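input09.cif (mmCIF, C-alpha atoms and all ligand atoms)
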data_work
#
loop_
_atom_site.label_atom_id
_atom_site.label_comp_id
_atom_site.auth_asym_id
_atom_site.auth_seq_id
_atom_site.Cartn_x
_atom_site.Cartn_y
_atom_site.Cartn_z
CA MET A 1 17.99 -16.38 48.24
CA ALA A 2 15.66 -13.66 49.48
CA THR A 3 14.60 -12.96 53.06
CA VAL A 4 10.84 -12.65 53.04
CA LEU A 5 8.09 -11.69 55.48
CA VAL A 6 4.60 -13.08 54.88
CA THR A 7 1.80 -11.56 56.96
CA GLY A 8 -1.13 -13.96 57.28
CA GLY A 9 1.37 -16.70 56.57
CA CYS A 10 -0.83 -19.41 58.13
CA GLY A 11 -3.94 -18.53 56.15
CA PHE A 12 -5.10 -20.33 53.04
CA ILE A 13 -3.06 -18.41 50.46
CA GLY A 14 -0.25 -17.70 52.93
CA THR A 15 0.31 -21.40 53.59
CA HIS A 16 0.78 -22.06 49.87
CA LEU A 17 2.98 -19.01 49.33
CA VAL A 18 5.24 -19.83 52.29
CA GLY A 19 5.65 -23.41 51.03
CA ARG A 20 6.50 -22.24 47.54
CA LEU A 21 9.08 -19.70 48.78
CA LEU A 22 10.73 -22.29 51.02
CA ARG A 23 10.91 -24.77 48.14
CA GLN A 24 12.66 -22.08 46.10
CA GLY A 25 15.27 -21.73 48.87
CA ASP A 26 14.14 -18.42 50.36
CA ARG A 27 14.26 -17.60 54.05
CA VAL A 28 10.71 -17.00 55.28
CA VAL A 29 9.37 -15.36 58.40
CA SER A 30 5.63 -15.98 58.69
CA ILE A 31 3.47 -13.91 61.03
CA ASP A 32 -0.17 -14.60 61.87
CA SER A 33 -2.62 -13.86 64.70
CA HIS A 34 -4.64 -17.05 64.01
CA TYR A 35 -7.86 -15.04 64.02
CA THR A 36 -9.13 -17.25 61.20
CA SER A 37 -6.14 -19.44 60.30
CA ASP A 38 -5.51 -22.90 61.68
CA PRO A 39 -2.68 -22.71 64.31
CA ALA A 40 -1.55 -26.13 63.04
CA ASN A 41 -0.40 -24.41 59.84
CA ALA A 42 2.28 -22.57 61.84
CA SER A 43 4.22 -25.80 62.34
CA LEU A 44 3.68 -27.26 58.85
CA TYR A 45 7.13 -26.15 57.73
CA GLY A 46 8.74 -26.33 61.17
CA SER A 47 11.45 -28.76 60.07
CA ASN A 48 12.77 -26.33 57.46
CA PRO A 49 15.69 -24.29 58.92
CA ASN A 50 14.79 -21.35 56.65
CA TYR A 51 11.36 -21.02 58.27
CA GLU A 52 10.34 -19.02 61.32
CA PHE A 53 6.86 -18.37 62.70
CA ILE A 54 5.97 -15.45 65.00
CA ASN A 55 2.50 -14.94 66.46
CA ARG A 56 1.79 -11.31 65.57
CA ASP A 57 -1.15 -9.14 64.62
CA VAL A 58 -0.65 -6.51 61.86
CA ARG A 59 -2.98 -4.12 63.68
CA TYR A 60 0.01 -3.37 65.91
CA PRO A 61 3.41 -1.97 64.82
CA LEU A 62 5.91 -4.35 63.25
CA SER A 63 8.84 -1.98 63.71
CA ASP A 64 10.91 -4.44 65.78
CA LEU A 65 11.09 -6.81 62.79
CA GLY A 66 13.46 -6.14 59.93
CA GLY A 67 15.99 -7.12 57.34
CA PHE A 68 13.53 -8.18 54.64
CA ASP A 69 13.99 -8.06 50.88
CA GLU A 70 10.30 -8.67 50.27
CA ILE A 71 7.06 -8.45 52.25
CA TYR A 72 3.76 -10.04 51.24
CA ASN A 73 0.81 -8.53 53.11
CA LEU A 74 -1.90 -11.20 53.12
CA ALA A 75 -3.21 -10.74 56.66
CA CYS A 76 -6.99 -10.26 56.82
CA PRO A 77 -10.03 -12.47 57.31
CA ALA A 78 -11.38 -12.91 53.77
CA SER A 79 -14.61 -14.88 54.04
CA PRO A 80 -17.77 -12.74 54.46
CA ILE A 81 -18.95 -14.61 57.58
CA HIS A 82 -15.55 -14.10 59.24
CA TYR A 83 -14.81 -10.51 58.21
CA GLN A 84 -18.32 -9.46 59.26
CA ARG A 85 -18.01 -11.01 62.74
CA ASP A 86 -15.89 -8.11 64.03
CA PRO A 87 -16.11 -5.42 61.35
CA VAL A 88 -14.05 -2.86 63.28
CA MET A 89 -11.24 -5.39 63.58
CA THR A 90 -11.46 -6.02 59.83
CA ILE A 91 -11.14 -2.30 59.06
CA ASN A 92 -8.20 -2.03 61.46
CA THR A 93 -6.49 -5.04 59.96
CA ASN A 94 -6.76 -3.55 56.48
CA VAL A 95 -5.89 0.04 57.30
CA MET A 96 -3.44 -0.25 60.20
CA GLY A 97 -2.06 -3.48 58.73
CA ALA A 98 -1.23 -1.61 55.50
CA ILE A 99 0.46 1.22 57.39
CA HIS A 100 2.49 -1.10 59.62
CA THR A 101 3.53 -3.24 56.67
CA LEU A 102 4.53 -0.21 54.62
CA GLU A 103 6.44 1.40 57.48
CA LEU A 104 8.41 -1.81 57.82
CA ALA A 105 9.00 -1.94 54.04
CA ARG A 106 10.10 1.66 54.03
CA ARG A 107 12.60 1.09 56.82
CA SER A 108 13.87 -2.23 55.38
CA GLY A 109 13.97 -1.03 51.77
CA ALA A 110 11.79 -4.07 50.99
CA LYS A 111 9.56 -4.53 47.95
CA VAL A 112 6.03 -5.04 49.24
CA PHE A 113 3.02 -6.92 47.88
CA GLN A 114 -0.54 -6.03 48.84
CA ALA A 115 -3.28 -8.65 48.56
CA SER A 116 -6.14 -6.50 47.37
CA THR A 117 -9.38 -8.00 46.15
CA SER A 118 -12.09 -8.20 43.50
CA GLU A 119 -14.33 -6.82 46.27
CA VAL A 120 -13.00 -3.35 45.38
CA TYR A 121 -15.39 -3.62 42.39
CA GLY A 122 -18.36 -4.28 44.73
CA ASP A 123 -21.48 -5.53 42.89
CA PRO A 124 -20.07 -4.64 39.48
CA LYS A 125 -22.00 -2.89 36.74
CA VAL A 126 -19.20 -3.55 34.23
CA HIS A 127 -18.54 -7.13 33.17
CA PRO A 128 -15.92 -8.60 33.13
CA GLN A 129 -14.06 -6.26 35.47
CA PRO A 130 -10.90 -4.51 34.18
CA GLU A 131 -8.61 -2.62 36.55
CA THR A 132 -9.90 0.67 35.13
CA TYR A 133 -13.42 -0.01 36.43
CA LEU A 134 -13.93 2.11 39.56
CA GLY A 135 -16.45 -0.22 41.14
CA ASN A 136 -19.89 -0.16 42.73
CA VAL A 137 -19.33 -0.53 46.48
CA ASN A 138 -21.94 0.22 49.12
CA SER A 139 -19.92 2.13 51.73
CA PHE A 140 -22.70 1.60 54.28
CA GLY A 141 -23.39 -2.11 53.87
CA PRO A 142 -22.25 -5.27 55.69
CA ARG A 143 -19.39 -5.92 53.22
CA ALA A 144 -18.01 -2.38 53.49
CA CYS A 145 -15.65 -3.16 56.38
CA TYR A 146 -13.75 -5.44 54.01
CA ASP A 147 -14.36 -3.71 50.67
CA GLU A 148 -13.68 -0.18 51.86
CA GLY A 149 -10.85 -1.40 54.10
CA LYS A 150 -9.15 -2.96 51.08
CA ARG A 151 -9.87 0.10 48.93
CA CYS A 152 -8.33 2.35 51.57
CA ALA A 153 -5.33 -0.01 51.79
CA GLU A 154 -4.80 0.42 48.03
CA THR A 155 -4.76 4.18 48.55
CA ILE A 156 -2.27 3.89 51.43
CA PHE A 157 0.00 1.72 49.28
CA ARG A 158 -0.26 4.18 46.39
CA GLU A 159 0.68 7.12 48.57
CA TYR A 160 3.62 5.36 50.26
CA ALA A 161 4.94 4.62 46.77
CA ALA A 162 4.43 8.20 45.58
CA GLN A 163 5.56 9.99 48.74
CA TYR A 164 8.32 7.70 50.06
CA GLY A 165 9.31 5.71 46.99
CA VAL A 166 8.34 2.34 48.46
CA ASP A 167 8.37 -0.31 45.72
CA ILE A 168 4.83 -1.74 45.79
CA ARG A 169 2.82 -4.34 43.92
CA ILE A 170 -1.00 -4.37 44.31
CA ALA A 171 -2.90 -7.43 43.07
CA ARG A 172 -6.70 -7.64 43.05
CA ILE A 173 -7.26 -11.28 43.89
CA PHE A 174 -10.49 -12.92 42.69
CA ASN A 175 -12.13 -16.01 44.23
CA THR A 176 -9.47 -18.61 44.99
CA TYR A 177 -9.85 -22.20 46.18
CA GLY A 178 -7.81 -25.30 46.87
CA PRO A 179 -6.24 -27.47 49.58
CA PHE A 180 -5.69 -25.78 52.95
CA MET A 181 -9.00 -23.93 52.85
CA HIS A 182 -10.37 -24.20 56.35
CA PRO A 183 -13.41 -26.52 56.52
CA ASN A 184 -15.23 -23.73 58.41
CA ASP A 185 -14.05 -21.03 56.04
CA GLY A 186 -17.66 -20.36 55.09
CA ARG A 187 -17.03 -19.73 51.41
CA VAL A 188 -18.84 -21.54 48.71
CA VAL A 189 -16.24 -24.09 47.53
CA SER A 190 -15.35 -25.39 50.99
CA ASN A 191 -19.00 -25.32 52.11
CA PHE A 192 -20.23 -27.29 49.08
CA ILE A 193 -17.42 -29.87 49.23
CA THR A 194 -17.74 -30.52 52.96
CA GLN A 195 -21.53 -30.74 52.61
CA ALA A 196 -21.30 -33.16 49.66
CA LEU A 197 -18.75 -35.36 51.42
CA SER A 198 -20.88 -35.61 54.56
CA GLY A 199 -24.12 -36.28 52.67
CA LYS A 200 -25.70 -32.97 53.68
CA PRO A 201 -27.81 -30.76 51.41
CA ILE A 202 -25.95 -28.07 49.48
CA SER A 203 -26.56 -24.57 50.89
CA VAL A 204 -27.29 -22.30 47.92
CA TYR A 205 -27.84 -18.64 48.78
CA GLY A 206 -30.56 -17.15 46.57
CA ASN A 207 -31.47 -18.86 43.30
CA GLY A 208 -27.86 -19.86 42.60
CA GLU A 209 -27.72 -17.97 39.30
CA GLN A 210 -25.13 -15.51 40.62
CA THR A 211 -21.66 -16.14 39.18
CA ARG A 212 -18.06 -16.33 40.34
CA SER A 213 -14.82 -17.25 38.54
CA PHE A 214 -12.69 -19.61 40.62
CA CYS A 215 -8.89 -19.70 40.47
CA TYR A 216 -6.90 -22.66 41.77
CA VAL A 217 -4.52 -21.54 44.49
CA THR A 218 -1.23 -22.68 42.92
CA ASP A 219 -2.08 -20.69 39.78
CA LEU A 220 -2.64 -17.65 41.96
CA VAL A 221 0.68 -18.12 43.77
CA ASP A 222 2.39 -18.30 40.35
CA GLY A 223 0.81 -14.97 39.46
CA ILE A 224 1.84 -13.37 42.76
CA LEU A 225 5.47 -14.43 42.29
CA ARG A 226 5.58 -13.31 38.65
CA PHE A 227 4.26 -9.96 39.78
CA MET A 228 6.84 -9.59 42.57
CA ARG A 229 9.82 -11.16 40.82
CA GLY A 230 9.26 -10.53 37.12
CA PRO A 231 11.14 -7.91 35.11
CA SER A 232 8.29 -5.38 34.97
CA THR A 233 8.27 -2.34 37.24
CA PHE A 234 4.46 -2.11 36.94
CA GLN A 235 3.07 -1.61 40.44
CA GLY A 236 -0.58 -2.39 39.76
CA PRO A 237 -3.36 -2.68 40.57
CA CYS A 238 -3.41 -5.90 38.57
CA ASN A 239 -6.24 -8.46 38.54
CA LEU A 240 -5.24 -12.04 39.39
CA GLY A 241 -7.96 -14.61 38.85
CA ASN A 242 -9.37 -17.20 36.52
CA PRO A 243 -11.80 -15.82 33.90
CA ASN A 244 -13.75 -19.09 33.72
CA GLU A 245 -17.14 -17.88 35.03
CA VAL A 246 -19.72 -20.32 36.44
CA THR A 247 -23.01 -19.97 38.27
CA ILE A 248 -23.20 -21.20 41.84
CA ASN A 249 -25.69 -23.85 40.61
CA GLN A 250 -23.12 -25.08 38.05
CA LEU A 251 -20.50 -25.24 40.79
CA ALA A 252 -22.86 -27.35 42.93
CA GLU A 253 -23.46 -29.72 39.98
CA GLN A 254 -19.74 -30.03 39.26
CA ILE A 255 -18.98 -30.87 42.90
CA GLY A 256 -21.85 -33.39 42.90
CA LEU A 257 -20.37 -35.11 39.84
CA LEU A 258 -16.84 -35.24 41.24
CA THR A 259 -17.91 -36.47 44.68
CA GLU A 260 -20.39 -38.90 43.08
CA THR A 261 -23.19 -37.61 45.27
CA SER A 262 -26.68 -36.60 44.22
CA VAL A 263 -26.92 -32.93 44.94
CA ILE A 264 -29.90 -31.79 46.98
CA ARG A 265 -29.95 -28.01 47.16
CA VAL A 266 -31.44 -26.00 49.97
CA HIS A 267 -32.00 -22.38 49.00
CA THR A 268 -31.82 -19.62 51.60
CA ALA A 269 -31.75 -15.84 51.21
CA ARG A 270 -28.85 -14.26 49.35
CA PRO A 271 -26.79 -12.03 51.65
CA GLN A 272 -27.16 -8.26 51.28
CA ASP A 273 -24.84 -6.73 48.64
CA ASP A 274 -23.72 -10.17 47.43
CA PRO A 275 -22.26 -9.43 43.97
CA MET A 276 -24.43 -10.88 41.17
CA ARG A 277 -21.66 -11.42 38.62
CA ARG A 278 -17.90 -11.51 38.91
CA ARG A 279 -15.25 -12.30 36.35
CA PRO A 280 -11.77 -10.84 36.04
CA ASP A 281 -10.48 -9.21 32.89
CA ILE A 282 -6.90 -10.49 33.03
CA THR A 283 -5.60 -8.80 29.88
CA LEU A 284 -3.13 -6.80 31.97
CA ALA A 285 -1.74 -9.83 33.83
CA GLN A 286 -1.42 -11.73 30.54
CA ARG A 287 0.41 -8.87 28.86
CA ILE A 288 2.61 -7.58 31.67
CA LEU A 289 3.23 -10.72 33.74
CA ASP A 290 2.81 -13.24 30.93
CA TRP A 291 0.49 -15.05 33.34
CA SER A 292 -2.74 -16.98 32.91
CA PRO A 293 -4.16 -19.69 35.16
CA THR A 294 -3.73 -23.20 33.79
CA THR A 295 -5.71 -25.44 36.19
CA SER A 296 -9.21 -26.35 35.02
CA LEU A 297 -12.09 -26.16 37.47
CA PRO A 298 -12.67 -29.97 37.53
CA ASP A 299 -8.94 -30.64 38.14
CA GLY A 300 -8.68 -28.03 40.88
CA LEU A 301 -11.91 -29.17 42.52
CA GLN A 302 -10.69 -32.79 42.46
CA GLU A 303 -7.49 -31.80 44.32
CA THR A 304 -9.58 -29.85 46.82
CA ILE A 305 -12.01 -32.75 47.29
CA ASN A 306 -9.04 -35.08 47.85
CA TYR A 307 -7.74 -32.68 50.50
CA PHE A 308 -11.07 -32.50 52.30
CA SER A 309 -11.42 -36.28 52.05
CA GLY A 310 -8.18 -36.61 53.99
CA ILE A 311 -6.11 -37.80 51.06
CA ARG A 312 -4.06 -34.60 51.33
CA SER A 313 -2.58 -34.70 47.89
CA PRO A 314 -0.35 -32.86 47.20
CA ASN A 315 1.43 -33.00 50.54
CA LEU A 316 2.68 -29.45 50.63
CA ALA A 317 4.45 -29.74 53.96
CA GLU A 318 6.55 -32.69 52.84
CA ARG A 319 7.40 -31.01 49.57
CA ALA A 320 8.54 -27.88 51.40
CA ALA A 321 10.71 -29.58 53.99
N1 LIG B 1 -22.68 -19.00 48.51
C1 LIG B 1 -23.64 -19.99 48.51
N2 LIG B 1 -23.59 -20.93 49.50
C2 LIG B 1 -22.61 -20.96 50.44
C3 LIG B 1 -21.62 -19.95 50.42
C4 LIG B 1 -21.69 -18.99 49.43
O1 LIG B 1 -24.54 -20.02 47.66
O2 LIG B 1 -22.62 -21.87 51.29
C5 LIG B 1 -22.70 -18.00 47.42
C6 LIG B 1 -22.61 -16.55 47.89
O3 LIG B 1 -23.89 -16.01 48.11
C7 LIG B 1 -21.92 -15.89 46.70
C8 LIG B 1 -21.02 -16.99 46.14
O4 LIG B 1 -21.55 -18.22 46.63
O5 LIG B 1 -22.86 -15.50 45.73
C9 LIG B 1 -19.58 -16.86 46.56
O6 LIG B 1 -19.56 -16.68 47.96
P1 LIG B 1 -18.23 -16.76 48.82
O7 LIG B 1 -18.60 -16.46 50.22
O8 LIG B 1 -17.51 -18.03 48.53
O9 LIG B 1 -17.29 -15.62 48.22
P2 LIG B 1 -17.54 -14.08 47.84
O10 LIG B 1 -18.99 -13.73 48.01
O11 LIG B 1 -16.67 -13.32 48.76
O12 LIG B 1 -17.16 -14.03 46.41
#
Before we go any further, please render this structure as structure tokens.
Amino acid sequence: MATVLVTGGCGFIGTHLVGRLLRQGDRVVSIDSHYTSDPANASLYGSNPNYEFINRDVRYPLSDLGGFDEIYNLACPASPIHYQRDPVMTINTNVMGAIHTLELARRSGAKVFQASTSEVYGDPKVHPQPETYLGNVNSFGPRACYDEGKRCAETIFREYAAQYGVDIRIARIFNTYGPFMHPNDGRVVSNFITQALSGKPISVYGNGEQTRSFCYVTDLVDGILRFMRGPSTFQGPCNLGNPNEVTINQLAEQIGLLTETSVIRVHTARPQDDPMRRRPDITLAQRILDWSPTTSLPDGLQETINYFSGIRSPNLAERAA
């Protein structure tokens, strides 16, 4: 049994990770500022004696906490509309959050996971994106607060490992979806599903021919745990994502089919610096972690549609208790 800290533990990925760790018998302290997460998620696992929630913000020191074997740093708004609302806060969360997390790891002797992102590749000129690709990020654009914040966080993690010997793992997480996405998350999967279920037109930005590769959240959590708990000492960066690439138009069609609604698309302008193509090269994760996602897009979307329809299958809270 490990004692684990999860920052951003009430967010979309955090909620799944915390549930999975509790089911495995670990003791979990979850911290979250609820800037974008649903406060209701803090009490989801409240009946589990191994679970504790503390309302904290990683922009401020975490030095009073301690005694952890592992730390997972997931805290940061991740949807463009949310991370662009207060860009200075986003930069602070990434940069100061990394430092505070690493200082805590250094003091506790904890192994520490950093949730980095495919956004470090910007609007990529290499396709698919391997970890060796250095990226094409506009340092002066509206996404930079997140992209450059996450890039800087990778550097901070690297240097804490080199200078202080902190045992790090950096994963570059590609687009992820599933139950527990917030209905107002603003990202494409939750937007399209909530629009389809309420009979509204589907909001396609641009012509819809841009691509993404969507990974179901439980597959991602598998990858994170293999990375942290597997035998390899490889510290990353390591891509975690599903290489199944689709256009946004294809995603809209798929959601239309599964929700049995006729899709009416409304096209508005594509946001500035919106990446045109994105697909992870997961050769490294396959080889080093022996990991590949297994959930197909239709299966994962169906689970997500069930969740947004109120069916809430699978009931993660019950399974964790
Ligand atoms: N997108 C869209 N309609 C929406 C939300 C997003 O067409 O309601 C597009 C967006 O322009 C982008 C893709 O879907 O090309 C994925 O956007 P999302 O915000 O989900 O994630 P990210 O851009 O961070 O990959």
List every residue of chain A that has an atom at most 7 Å from any atom of ligand LIG 1 (chain B), and for each one report the closest atom pair and its distance in Å to one decimal, counting only C-alpha atoms and all ligand atoms, with rows sorted by chain and then by increasing residue number, as a Markdown table.
| residue | atom | partner | partner_atom | distance |
| --- | --- | --- | --- | --- |
| A:Ser79 | CA | B:LIG1 | O7 | 5.7 |
| A:Pro80 | CA | B:LIG1 | O7 | 5.7 |
| A:Asn175 | CA | B:LIG1 | O12 | 5.8 |
| A:Gly186 | CA | B:LIG1 | C3 | 6.1 |
| A:Arg187 | CA | B:LIG1 | O8 | 3.4 |
| A:Val188 | CA | B:LIG1 | C3 | 3.6 |
| A:Val189 | CA | B:LIG1 | O8 | 6.3 |
| A:Asn191 | CA | B:LIG1 | O2 | 5.1 |
| A:Phe192 | CA | B:LIG1 | O2 | 6.3 |
| A:Ser203 | CA | B:LIG1 | O2 | 4.8 |
| A:Val204 | CA | B:LIG1 | O1 | 3.6 |
| A:Tyr205 | CA | B:LIG1 | O1 | 3.7 |
| A:Gly206 | CA | B:LIG1 | O1 | 6.8 |
| A:Gly208 | CA | B:LIG1 | O1 | 6.1 |
| A:Gln210 | CA | B:LIG1 | O5 | 5.6 |
| A:Thr211 | CA | B:LIG1 | O5 | 6.7 |
| A:Arg212 | CA | B:LIG1 | C9 | 6.4 |
| A:Ile248 | CA | B:LIG1 | O4 | 5.9 |
| A:Arg270 | CA | B:LIG1 | O3 | 5.4 |
| A:Pro271 | CA | B:LIG1 | O3 | 6.1 |
| A:Asp274 | CA | B:LIG1 | O5 | 5.7 |
| A:Pro275 | CA | B:LIG1 | O5 | 6.3 |
| A:Met276 | CA | B:LIG1 | O5 | 6.7 |
Given the choices A:Gln235, A:Arg143, A:Val266, A:Asn244, which gets closest to Pro87 in chain A if the distance is worked out from all atoms listed in the file?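 Of A:Gln235, A:Arg143, A:Val266, A:Asn244, the one nearest Pro87 in chain A is A:Arg143, counting all atoms listed in the file.
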Counting only C-alpha atoms, which residues of range 168-205 of chain A sit at most 9 Å from some atom of range 258-264 of chain A, and what is each one's closest atom pair with its distance in Å to one decimal, listed by chain and rising residue number, as a Markdown table?
| residue | atom | partner | partner_atom | distance |
| --- | --- | --- | --- | --- |
| A:Ile193 | CA | A:Thr259 | CA | 8.0 |
| A:Ala196 | CA | A:Thr261 | CA | 6.5 |
| A:Leu197 | CA | A:Thr259 | CA | 6.9 |
| A:Gly199 | CA | A:Thr261 | CA | 7.6 |
| A:Lys200 | CA | A:Ile264 | CA | 8.0 |
| A:Pro201 | CA | A:Ile264 | CA | 5.0 |
| A:Ile202 | CA | A:Ile264 | CA | 6.0 |
| A:Ser203 | CA | A:Ile264 | CA | 8.9 |
Close residues, range 38-52 of chain A itself excluded, 9 Å, all atoms listed in the file, min 2 positions apart in chain, as a VMD selection string: chain A and resid 9 to 11 15 18 to 19 22 25 to 36 54 to 55 180 182 316 to 318 320 to 321
Got time to write the residues from that selection, C-alpha atoms, as an mmCIF file, in the coordinates of the input?
data_model
loop_
_atom_site.group_PDB
_atom_site.id
_atom_site.type_symbol
_atom_site.label_atom_id
_atom_site.label_comp_id
_atom_site.auth_asym_id
_atom_site.auth_seq_id
_atom_site.Cartn_x
_atom_site.Cartn_y
_atom_site.Cartn_z
ATOM 1 C CA GLY A 9 1.370 -16.700 56.570
ATOM 2 C CA CYS A 10 -0.830 -19.410 58.130
ATOM 3 C CA GLY A 11 -3.940 -18.530 56.150
ATOM 4 C CA THR A 15 0.310 -21.400 53.590
ATOM 5 C CA VAL A 18 5.240 -19.830 52.290
ATOM 6 C CA GLY A 19 5.650 -23.410 51.030
ATOM 7 C CA LEU A 22 10.730 -22.290 51.020
ATOM 8 C CA GLY A 25 15.270 -21.730 48.870
ATOM 9 C CA ASP A 26 14.140 -18.420 50.360
ATOM 10 C CA ARG A 27 14.260 -17.600 54.050
ATOM 11 C CA VAL A 28 10.710 -17.000 55.280
ATOM 12 C CA VAL A 29 9.370 -15.360 58.400
ATOM 13 C CA SER A 30 5.630 -15.980 58.690
ATOM 14 C CA ILE A 31 3.470 -13.910 61.030
ATOM 15 C CA ASP A 32 -0.170 -14.600 61.870
ATOM 16 C CA SER A 33 -2.620 -13.860 64.700
ATOM 17 C CA HIS A 34 -4.640 -17.050 64.010
ATOM 18 C CA TYR A 35 -7.860 -15.040 64.020
ATOM 19 C CA THR A 36 -9.130 -17.250 61.200
ATOM 20 C CA ILE A 54 5.970 -15.450 65.000
ATOM 21 C CA ASN A 55 2.500 -14.940 66.460
ATOM 22 C CA PHE A 180 -5.690 -25.780 52.950
ATOM 23 C CA HIS A 182 -10.370 -24.200 56.350
ATOM 24 C CA LEU A 316 2.680 -29.450 50.630
ATOM 25 C CA ALA A 317 4.450 -29.740 53.960
ATOM 26 C CA GLU A 318 6.550 -32.690 52.840
ATOM 27 C CA ALA A 320 8.540 -27.880 51.400
ATOM 28 C CA ALA A 321 10.710 -29.580 53.990
#
To one decimal in Å, tell me the separation between CA of Asn242 in chain A and CA of Leu5 in chain A.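 About the pair CA of Asn242 in chain A and CA of Leu5 in chain A: they are 26.4 Å apart.
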With all atoms listed in the file as the counted atoms, please give the residues lying no more than 10 Å from Gly97 in chain A, apart from itself and same-chain residues fewer than 6 positions off, as a list in words.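 Selected residues are Thr7, Asp57, Val58, Arg59, Tyr60, Pro61, Leu62, Asn73, Leu74, Ala75, Cys76, Thr90, Ile91, Glu103 and Ala153 of chain A.
For the choices A:Pro77, A:Ser139, A:Gln286, A:Ile255, the atom-to-atom distance to Thr194 in chain A is smallest for A:Ile255 when using all atoms listed in the file.
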So how far away is CA of Arg158 in chain A from CA of Ala144 in chain A, in Å? 20.2 Å
Nearest to Ser296 in chain A among A:Met228, A:Leu240, A:Val246, A:Cys215, with distances taken over all atoms listed in the file: which residue is it?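 Looking at the shortest contact to Ser296 in chain A, the residue is A:Cys215.
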For CA of His127 in chain A and CA of Gly236 in chain A, determine how far apart the two atoms are, in Å to one decimal place. 19.7 Å
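In terms of minimum interatomic distance to Gln129 in chain A, A:Ile282 ranks closest within A:Leu102, A:Leu65, A:Ile282, A:Val112, counting all atoms listed in the file.
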Residues within 12 Å of Arg287 in chain A, only C-alpha atoms, excluding chain neighbours under 2 positions, as a ChimeraX atom specification: /A:226-227,232,234,238-239,281-285,289-292
Please determine, counting all atoms listed in the file, which residue among A:Ser63, A:Thr268, A:Thr155, A:Asn184 has the shortest atom-to-atom distance to Arg106 in chain A.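 Among the listed residues, the smallest separation from Arg106 in chain A belongs to A:Ser63.
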Radius query 12 Å about (-8.5, -35.5, 46.2), atoms used: only C-alpha atoms, as a PyMOL selection string: chain A and resi 178-179+193+197+255+258-259+298-315
Please provide as a PyMOL selection string all residues within 12 Å of Tyr146 in chain A, with the sequence filter that same-chain residues fewer than 2 positions apart are discarded (counting all atoms listed in the file). chain A and resi 76-95+116-122+137-144+148-153
Once 3 Å is added on each side, what are the centre and the three edge lengths, in Å to one decimal, of the axis-aligned box enclosing the listed atoms of range 198-210 of chain A? Present them as AutoDock Vina command-line options.
--center_x -26.2 --center_y -25.9 --center_z 46.9 --size_x 16.6 --size_y 26.8 --size_z 21.3
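Nearest to Asp219 in chain A of all the residues A:Thr3, A:Asn136, A:Gln250, A:Thr295 is A:Thr295, counting only C-alpha atoms.
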